[in-house]
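Undergrad: This is the structure I want to talk about, given as structure tokens.
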Amino acid sequence: MRSIAKTILFSSVVVLYFSFSLGLVKARIRLPSIIGSHMVLQQNSKVLLWGWCNPGEKIKVYSDWSSTIDSTVGLNTAKWSVTIQTPGAGGPHTLSIASISGKNSEATVLEDVLIGEVWVCSGQSNMEMSADWNSLVLKDVPNANYPNIHLFTIPKTTSENPQDNCSGTWVVCTPETMKHFSATGYYFGKRLNTLLNIPVGLISSNWGGTPAEVWTPKEEVLSHDSLRVASEKLSNSNGWPHTPGYLYNAMIYPILKYKIAGAIWYQGESNVGAFSTYTELFSTMIKSWRKSWGYDFPFYYVQIAPFSGYEGINGALLRESQTKALSVPGTGMVVVSDLVDNIKDIHPLNKQDVGLRLANLALVNTYGQKGIPCYSPELDTYTIKGRTIELLFKNADNGLMSKGGDPTEFMIAGEDGKYFPAKAKIIKNKVIVSSPEVSAPRSVQFGFTNSSMPNLFSKEGLPVDLFRTDGPSKH
């Protein structure tokens with residue numbers, strides 16, 4: 001009741017202050033769509049508010065959490081911006097942005113503004129996938145009432161040049177709004193909201209079938225010879241955007257001024273055919289986003305799932321490229337080789353566990369939570385001992401386990417490079433592999449096919465990442 005009364009009083013003061021004898025004049029200020037009622041602002045931060053107005057127009061910003069009045073004057077480019085300080089997580093709050101011209105004034109009042117954690121959810125169709133085209137997610141729709149989770153969806157748009165604005169509206173998470181929102185993003189945000197007990201804002205910017213080039217600034221792609229050559233081979237035969245920078249310009253650039261906590265990403269399927277340049281491309285994209293936002297925010301992503309429809313072993317090679325991108329500081333990757341219901345479907349239905357694993361990365365690395373397993377085991381070192389190869393794994397301090405029998409998907413080869421299925425035995429966080437067909441082993445591969453779904457996990461239940469000792473698996 002105190003919060004409601006405070007909001008009513010605040011609104012009344014704003015209206016009285018900005019009224020005059022002839023009534024309110026038409027507002028001169030315009031706001032980008034990302035700034036509006038129901039928005040979530042990043043907590044304990046200096047956040048930028050901006051928009052458009054008449055040149056020389058005075059702009060004042062009032063918030064119900066502060067006695068400070070922030071002000072600025074419109075530039076001759078008809079733009080304005082002002083930085084305000086946000087408090088700790090909470091809300092709902094009311095924010096007023098006033099346009100003052102001589103004796104005439106009007107305030108735009110933004111209501112139900114929450115202060116919390118803001119995350120961008122981006123990528124292609126596996127991030128875009130929502131409950132209205134996923135039967136497994138559909139069952140959770142009736143219970144998706146979360147007033148402290150707010151959602152913003154950027155519609156599919158392309159542009160040759162960077163855009164100052166995009167379409168979209170902040171909405172409260174309800175069964176109806178959740179139904180059309182990124183399922184992975186929803187489950188990610190729900191876990192953060194539940195465990196941290198703070199408001200969460202999720203910005204969905206996705207387009208199925210798109211390669212990473214279109215999400216990367218054009219100049220960044222063209223300035224790297226290898227990336228430029230790879231981008232020239234992209235085909236528009238599928239009807240999806242393929243020109244470098246086109247989605248970055250229209251679906252990322254308009255929100256670059258908006259303060260975020262971090263980003264989650266699920267993409268890579270459309271780059272399988274160009275796996276050899278994906279590590280460089282993806283690393284370049286992450287760094288360019290951080291440079292554009294002006295700070296190194298955390299970036300957590302999903303390794304693409306097993307799928308039998310890729311050529312050769314291109315799917316495995318792309319997953320390897322994603323693993324190598326972990327060399328970029330402040331990143332984290334979740335392995336989902338165990339979350340596939342049909343290897344002939346490029347869109348696995350289980351998005352709940354994908355979102356939970358991404359959230360666990362954020363909870364541990366961004367929010368300092370303890371005791372939450374979030375890293376898949378990865379090959380650390382290997383030692384050849386006679387007819388066996390001993391593999392030591394990191395992120396497996398409590399040991400490894402296999403489900404449904406002995407560990408699967410191991411292959412071993414001798415000097416001739418010819419691979420044979422290997423027998424594997426677990427000893428704590430080590431695996432010993434051998435084959436009667438190979439008397440002098442030299443290399444080993446694990447899960448290195450397009451559709452591999454190995455049964456080797458950490459004791460906490462996280463799947464072991466694929467690897468090969470005869471190639472560039474390490475990062």
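Lettering and numbering for the structure tokens are positional, with chains as A, B, ... in the shown order, residues counted from 1 in each chain, and ligands counted from 1 in the shown order.
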Tell me, as a list in words, which residues lie within 10 Å of stretch 325-328 of chain A, counting only C-alpha atoms; anything in the same chain fewer than 5 positions away does not count.
TA: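 So the residues in contact are Tyr278, Thr279, Glu280, Leu281, Phe282, Ser283, Thr284, Ile286, Lys287, Phe299, Tyr300, Tyr301, Arg319, Glu320, Met333, Lys474 and His475 of chain A.
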Undergrad: Limited to N, CA and C atoms, could you put the picked residues into a file as a compact mmCIF listing (two decimals), in the first residue's frame?
TA:
```txt
# COMPACT_ATOMS: atom_id res chain seq x y z
N TYR A 278 34.59 -20.27 -37.92
CA TYR A 278 33.58 -19.88 -36.93
C TYR A 278 34.19 -19.39 -35.62
N THR A 279 35.27 -19.99 -35.16
CA THR A 279 35.88 -19.51 -33.91
C THR A 279 36.28 -18.06 -34.04
N GLU A 280 36.92 -17.72 -35.15
CA GLU A 280 37.32 -16.33 -35.37
C GLU A 280 36.10 -15.43 -35.51
N LEU A 281 35.12 -15.88 -36.27
CA LEU A 281 33.91 -15.08 -36.49
C LEU A 281 33.17 -14.83 -35.19
N PHE A 282 32.92 -15.91 -34.44
CA PHE A 282 32.16 -15.80 -33.21
C PHE A 282 32.89 -14.96 -32.17
N SER A 283 34.20 -15.15 -32.06
CA SER A 283 35.01 -14.35 -31.13
C SER A 283 34.96 -12.88 -31.53
N THR A 284 35.02 -12.62 -32.83
CA THR A 284 34.95 -11.24 -33.33
C THR A 284 33.60 -10.63 -33.01
N ILE A 286 31.50 -11.42 -30.51
CA ILE A 286 31.41 -11.14 -29.08
C ILE A 286 32.18 -9.87 -28.72
N LYS A 287 33.41 -9.76 -29.22
CA LYS A 287 34.23 -8.60 -28.91
C LYS A 287 33.63 -7.32 -29.49
N PHE A 299 29.11 -13.28 -21.50
CA PHE A 299 28.47 -13.80 -22.72
C PHE A 299 28.46 -15.32 -22.61
N TYR A 300 27.26 -15.90 -22.43
CA TYR A 300 27.12 -17.35 -22.27
C TYR A 300 26.36 -17.92 -23.47
N TYR A 301 26.83 -19.06 -23.96
CA TYR A 301 26.24 -19.58 -25.19
C TYR A 301 26.05 -21.08 -25.14
N ARG A 319 30.99 -27.69 -33.42
CA ARG A 319 30.96 -27.73 -31.96
C ARG A 319 32.37 -27.54 -31.39
N GLU A 320 33.35 -28.13 -32.06
CA GLU A 320 34.73 -27.93 -31.64
C GLU A 320 35.12 -26.45 -31.74
N MET A 333 30.08 -21.82 -21.93
CA MET A 333 29.33 -22.61 -22.90
C MET A 333 28.65 -23.79 -22.20
N LYS A 474 41.57 -28.19 -28.26
CA LYS A 474 41.75 -27.41 -27.04
C LYS A 474 41.57 -25.92 -27.29
N HIS A 475 41.22 -25.19 -26.21
CA HIS A 475 41.05 -23.75 -26.31
C HIS A 475 41.91 -23.05 -25.29
```
Undergrad: Which residues are close to A:Thr194, i.e. within 12 Å by only C-alpha atoms, leaving aside same-chain residues fewer than 5 positions away? Reply as an NGL selection string.
TA: :A and (146-149 or 186-189 or 199-200 or 356 or 359 or 363)
Undergrad: What would the file look like if the residues just selected were written as a PDB file, in the first residue's frame with N, CA and C atoms?
TA:
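Wrote it out as part_21.pdb, contents follow:
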```pdb
ATOM      1  N   TYR A 146       4.636 -14.294 -13.927  1.00  0.00           N
ATOM      2  CA  TYR A 146       5.787 -13.779 -13.192  1.00  0.00           C
ATOM      3  C   TYR A 146       5.843 -12.257 -13.341  1.00  0.00           C
ATOM      4  N   PRO A 147       5.183 -11.531 -12.425  1.00  0.00           N
ATOM      5  CA  PRO A 147       5.130 -10.063 -12.551  1.00  0.00           C
ATOM      6  C   PRO A 147       6.485  -9.394 -12.458  1.00  0.00           C
ATOM      7  N   ASN A 148       7.497 -10.096 -11.925  1.00  0.00           N
ATOM      8  CA  ASN A 148       8.833  -9.513 -11.830  1.00  0.00           C
ATOM      9  C   ASN A 148       9.760  -9.965 -12.952  1.00  0.00           C
ATOM     10  N   ILE A 149       9.200 -10.601 -13.973  1.00  0.00           N
ATOM     11  CA  ILE A 149       9.932 -10.867 -15.212  1.00  0.00           C
ATOM     12  C   ILE A 149       9.243 -10.098 -16.324  1.00  0.00           C
ATOM     13  N   TYR A 186      13.143 -17.549 -21.510  1.00  0.00           N
ATOM     14  CA  TYR A 186      12.184 -17.582 -20.398  1.00  0.00           C
ATOM     15  C   TYR A 186      12.697 -18.439 -19.251  1.00  0.00           C
ATOM     16  N   TYR A 187      13.141 -19.661 -19.546  1.00  0.00           N
ATOM     17  CA  TYR A 187      13.620 -20.546 -18.484  1.00  0.00           C
ATOM     18  C   TYR A 187      14.872 -19.985 -17.814  1.00  0.00           C
ATOM     19  N   PHE A 188      15.720 -19.329 -18.604  1.00  0.00           N
ATOM     20  CA  PHE A 188      16.903 -18.653 -18.057  1.00  0.00           C
ATOM     21  C   PHE A 188      16.473 -17.573 -17.069  1.00  0.00           C
ATOM     22  N   GLY A 189      15.577 -16.712 -17.507  1.00  0.00           N
ATOM     23  CA  GLY A 189      15.134 -15.603 -16.666  1.00  0.00           C
ATOM     24  C   GLY A 189      14.364 -16.065 -15.438  1.00  0.00           C
ATOM     25  N   PRO A 199      13.956  -8.652  -9.852  1.00  0.00           N
ATOM     26  CA  PRO A 199      13.343  -8.541 -11.173  1.00  0.00           C
ATOM     27  C   PRO A 199      14.341  -8.853 -12.281  1.00  0.00           C
ATOM     28  N   VAL A 200      13.823  -9.394 -13.374  1.00  0.00           N
ATOM     29  CA  VAL A 200      14.652  -9.730 -14.535  1.00  0.00           C
ATOM     30  C   VAL A 200      13.995  -9.189 -15.795  1.00  0.00           C
ATOM     31  N   LEU A 356      18.155 -23.558 -18.017  1.00  0.00           N
ATOM     32  CA  LEU A 356      18.662 -23.751 -16.658  1.00  0.00           C
ATOM     33  C   LEU A 356      20.184 -23.808 -16.641  1.00  0.00           C
ATOM     34  N   ALA A 359      21.507 -20.371 -17.099  1.00  0.00           N
ATOM     35  CA  ALA A 359      21.300 -19.614 -15.860  1.00  0.00           C
ATOM     36  C   ALA A 359      22.326 -20.002 -14.803  1.00  0.00           C
ATOM     37  N   LEU A 363      24.607 -17.639 -12.673  1.00  0.00           N
ATOM     38  CA  LEU A 363      24.523 -17.626 -11.210  1.00  0.00           C
ATOM     39  C   LEU A 363      25.895 -17.774 -10.566  1.00  0.00           C
TER      40      LEU A 363
END
```
Undergrad: Please provide as a PyMOL selection string all residues within 7 Å of A:Thr108, with the sequence filter that same-chain residues fewer than 4 positions apart are discarded (counting only C-alpha atoms).
TA: chain A and resi 96-98
Undergrad: I'd like the contact shell of A:His93 - 6 Å cut-off, only C-alpha atoms, skipping same-chain residues fewer than 2 positions apart - returned as a ChimeraX atom specification.
TA: /A:91,112-113
Undergrad: Give me, as a tab-separated table, each residue of stretch 113-204 of chain A that comes within 8 Å of stretch 259-276 of chain A, together with its shortest interatomic pair and the distance in Å at one decimal, counting only C-alpha atoms, with rows ordered by chain and rising residue number.
TA:
```
residue	atom	partner	partner_atom	distance
A:Glu117	CA	A:Ala261	CA	5.9
A:Val118	CA	A:Ile260	CA	4.8
A:Trp119	CA	A:Gly262	CA	5.1
A:Val120	CA	A:Ala263	CA	4.6
A:Cys121	CA	A:Ile264	CA	5.0
A:Ser122	CA	A:Trp265	CA	5.0
A:Gly123	CA	A:Gln267	CA	4.8
A:Gln124	CA	A:Gln267	CA	5.2
A:Ser125	CA	A:Gln267	CA	7.7
A:Asn126	CA	A:Tyr266	CA	6.3
A:Met127	CA	A:Tyr266	CA	5.3
A:Gly185	CA	A:Ile264	CA	8.0
```
